[in-house]
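So the structure is just underneath, and the comments pick up after that.
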Amino acid sequence: MQRALPDLTITPPVAGEKVTLVLHADGKQYDLPVLGGTHGPKVIDVRRLYAETGYFTYDPGFLSTANCDSAITYIDGDRGILLHRGYPIEELAAHADFLEVCYLLLYGKLPTPSELADFGYVIGHHSMVHEQFKRFFAGFRRDAHPMAVMVGTVGALSAFYHDKIDITDPEARMVSTHRLIAKMPTICAMAFKYSLGRPFMYPRNDLSYAANFLRMAFGIPAEPYVVNPVLTRAINRFLVLHADHEQNASTATVRIAGSSRANPYACVAAGITALWGPDHGGANEAVVNMLEEIGNKDRIPLYIKRAKDKNDSFRLTGFGHRVYKNYDPRAAILRESCHEVLAELGKTDEPLFALALELERIALDDDYFVQRKLFPNVDFYSGIMLRAIGFPTAMFPPLFALGRTIGWIAQWKEMIEASDQHIARPRQRYIGEAIRPYVPIAER
Ligand code: CMC
């Protein structure tokens, strides 16, 4: 049965609409064009502002600045709505295989059964890595953070697959894209196996993307691996929920790196680097560490108090979001996934999950969080689910990177193929020393 869709305002292209800027300093007025999109706020086009007025705009952290046109993902943060190519995330998470979502993000439409079969065949064809590639891992300390290993090894793909690295060639772009989607689970699982000192597992192309990844992560060569459908569904859903999130820090990083025409492997490695931080993809790891530090329900008020104290650097990780000023729809789905996974594994009394639910209840009842519209984000529940499945906390950000690779590469491709692509080069407000003469060392 078709679910009723939320009623989103359509913002059509605006004919002739302008915003008038009055510069009191010189008493002049400038008309700035206004652009419409499909949904979301209209956009004031300031591209000619500097040439015409001699002024820059100032917007650290891009609080009000659109960096690009994109047709991939839309978020209505006030209402907690997330769409990929127009499809609500709840529907994709409930029904779609991750490869279907990859196809959707890349090509803009849901695949037919034969298109999906062909796409799966192509991805399967690229799922192994060059045998020599394994030697890279040996260069890392075995206790290296797997994100460090991911940054290095994904960047190194450009050294192995430079036959198709000419980004001006559409066919080469597509092959690199397929290689990244296909090899990422293999590399992510290898990073995990390396940290455990266990043998790498080759991919199995007869399994789904999620099942193949779970087998490469938890299987051993000495025994057959039995696919668990509940855990496979949970990982598939996790990947779908992390697939893209419009212009977040890591995606913006991939676009900025790619704007210099760097190769896609280097750009995705840059994305992994940006994702690693605890305010972005490292938050899932930080949430579990925080819950462990809190320890028990009696200590929640102390940590809520600390989170509100401006003199204390502690923040409630997994809460708050630049765009969502409502419940992150992904967090609600992952909370359900936690229930399913914990029930399947006979861990319904998992203390960390009970603690997280109680922390959410208390925070959402607290004026500080209510007034600032701070709700659980995608990272609040994902770590609990991943830990129950058997991943250590250090593997949470690599799993985020695994899901987000399709978003990065779809956005990279969209940028490269845009008609008005320029190298990204922000301006600045210079607040350093005024010009002054060099002082010879003997006179200082
Ligand atoms: N705990 C306590 N206070 C918070 C929190 C929090 N988690 N998040 C925001 N605030 C406060 C903040 O101090 C500020 O208060 P005031 O107005 O009194 O100065 C207000 O809420 C607005 O916050 P902000 O820092 O201006 O918001 P931002 O959009 O710059 O930051 C954020 C967004 C996600 C970095 C921030 O909410 C945060 O640090 N959250 C914890 C880390 C986290 O969970 N990150 C994962 C984000 S979602 C997944 C992803 O994108 O990868």
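Going by the structure tokens order, chains are called A, B, ..., each with residues numbered from 1, while ligands are numbered from 1 in the order shown.
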Do you know which residues are within 6 Å of ligand 1 using only C-alpha atoms and all ligand atoms? Can you write them as a PDB file with N, CA and C atoms, in the first residue's frame?
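File out-v1.pdb, as written:
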ATOM      1  N   ASP A 279      32.646  15.065  15.372  1.00  0.00           N
ATOM      2  CA  ASP A 279      31.429  15.836  15.113  1.00  0.00           C
ATOM      3  C   ASP A 279      30.715  15.343  13.860  1.00  0.00           C
ATOM      4  N   HIS A 280      31.315  14.378  13.167  1.00  0.00           N
ATOM      5  CA  HIS A 280      30.705  13.875  11.915  1.00  0.00           C
ATOM      6  C   HIS A 280      30.620  12.354  12.044  1.00  0.00           C
ATOM      7  N   GLY A 281      31.320  11.616  11.203  1.00  0.00           N
ATOM      8  CA  GLY A 281      31.160  10.153  11.197  1.00  0.00           C
ATOM      9  C   GLY A 281      31.812   9.443  12.367  1.00  0.00           C
ATOM     10  N   ALA A 283      31.138  10.214  15.275  1.00  0.00           N
ATOM     11  CA  ALA A 283      30.221  10.378  16.408  1.00  0.00           C
ATOM     12  C   ALA A 283      29.634   9.043  16.869  1.00  0.00           C
ATOM     13  N   ALA A 307      26.550  18.679  29.806  1.00  0.00           N
ATOM     14  CA  ALA A 307      26.298  19.036  28.398  1.00  0.00           C
ATOM     15  C   ALA A 307      25.753  20.461  28.288  1.00  0.00           C
ATOM     16  N   LYS A 308      25.072  20.914  29.324  1.00  0.00           N
ATOM     17  CA  LYS A 308      24.447  22.248  29.281  1.00  0.00           C
ATOM     18  C   LYS A 308      25.393  23.342  29.756  1.00  0.00           C
ATOM     19  N   ARG A 315      29.772  17.559  25.322  1.00  0.00           N
ATOM     20  CA  ARG A 315      28.494  17.682  24.624  1.00  0.00           C
ATOM     21  C   ARG A 315      27.861  16.307  24.552  1.00  0.00           C
ATOM     22  N   LEU A 316      26.559  16.278  24.478  1.00  0.00           N
ATOM     23  CA  LEU A 316      25.887  14.990  24.352  1.00  0.00           C
ATOM     24  C   LEU A 316      26.070  14.500  22.916  1.00  0.00           C
ATOM     25  N   THR A 317      27.029  13.614  22.724  1.00  0.00           N
ATOM     26  CA  THR A 317      27.285  13.124  21.361  1.00  0.00           C
ATOM     27  C   THR A 317      26.094  12.291  20.899  1.00  0.00           C
ATOM     28  N   GLY A 318      25.786  12.441  19.589  1.00  0.00           N
ATOM     29  CA  GLY A 318      24.608  11.747  19.055  1.00  0.00           C
ATOM     30  C   GLY A 318      23.360  12.603  19.160  1.00  0.00           C
ATOM     31  N   PHE A 319      23.532  13.816  19.684  1.00  0.00           N
ATOM     32  CA  PHE A 319      22.425  14.771  19.769  1.00  0.00           C
ATOM     33  C   PHE A 319      22.770  16.021  18.976  1.00  0.00           C
ATOM     34  N   GLY A 320      21.771  16.587  18.309  1.00  0.00           N
ATOM     35  CA  GLY A 320      21.970  17.846  17.592  1.00  0.00           C
ATOM     36  C   GLY A 320      22.400  17.603  16.161  1.00  0.00           C
ATOM     37  N   HIS A 321      22.084  18.535  15.316  1.00  0.00           N
ATOM     38  CA  HIS A 321      22.452  18.423  13.914  1.00  0.00           C
ATOM     39  C   HIS A 321      22.363  19.797  13.282  1.00  0.00           C
ATOM     40  N   ARG A 322      23.271  20.088  12.368  1.00  0.00           N
ATOM     41  CA  ARG A 322      23.246  21.380  11.685  1.00  0.00           C
ATOM     42  C   ARG A 322      21.928  21.584  10.928  1.00  0.00           C
ATOM     43  N   ARG A 372      16.686  24.386  22.000  1.00  0.00           N
ATOM     44  CA  ARG A 372      17.681  24.389  20.912  1.00  0.00           C
ATOM     45  C   ARG A 372      17.359  23.354  19.838  1.00  0.00           C
ATOM     46  N   ASN A 377      20.520  12.112  16.652  1.00  0.00           N
ATOM     47  CA  ASN A 377      20.859  12.044  15.222  1.00  0.00           C
ATOM     48  C   ASN A 377      21.205  10.605  14.843  1.00  0.00           C
ATOM     49  N   VAL A 378      21.608  10.403  13.608  1.00  0.00           N
ATOM     50  CA  VAL A 378      21.821   9.052  13.067  1.00  0.00           C
ATOM     51  C   VAL A 378      22.798   8.235  13.902  1.00  0.00           C
ATOM     52  N   ASP A 379      23.734   8.943  14.562  1.00  0.00           N
ATOM     53  CA  ASP A 379      24.788   8.227  15.275  1.00  0.00           C
ATOM     54  C   ASP A 379      24.380   7.757  16.659  1.00  0.00           C
TER      55      ASP A 379
END
Give one line per residue of range 193-273 of chain A that approaches range 107-121 of chain A to at most 10 Å, naming the two atoms of the closest pair and their distance in Å to one decimal, counting only C-alpha atoms; sort by chain then ascending residue number and deliver it as a tab-separated table.
residue	atom	partner	partner_atom	distance
A:Asn205	CA	A:Tyr121	CA	8.2
A:Asp206	CA	A:Tyr121	CA	9.6
A:Ser208	CA	A:Gly120	CA	8.8
A:Tyr209	CA	A:Gly120	CA	8.9
8 Å contact set for range 245-248 of chain A, only C-alpha atoms, chain neighbours under 5 positions out, as a PDB file with C-alpha atoms, in the first residue's frame:
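Writing the result to selection_23.pdb gives the following:
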ATOM      1  CA  ILE A  72      20.470  13.850  -5.438  1.00  0.00           C
ATOM      2  CA  THR A  73      19.269  14.410  -1.857  1.00  0.00           C
ATOM      3  CA  TYR A  74      16.889  16.793  -0.133  1.00  0.00           C
ATOM      4  CA  ILE A  75      16.538  17.370   3.615  1.00  0.00           C
ATOM      5  CA  GLY A 407      26.891   9.450  -1.848  1.00  0.00           C
TER       6      GLY A 407
END
Selected residue of minimal separation from Leu342 in chain A among A:Leu386, A:Tyr202, A:Ile423, A:Pro329, counting only C-alpha atoms =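 That would be A:Leu386, the residue with the smallest distance to Leu342 in chain A.
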Looking at A:Ile389, A:Val439, A:Val175, A:Ile123, which one is nearest to Glu344 in chain A, with distances taken over only C-alpha atoms?
-> A:Ile389
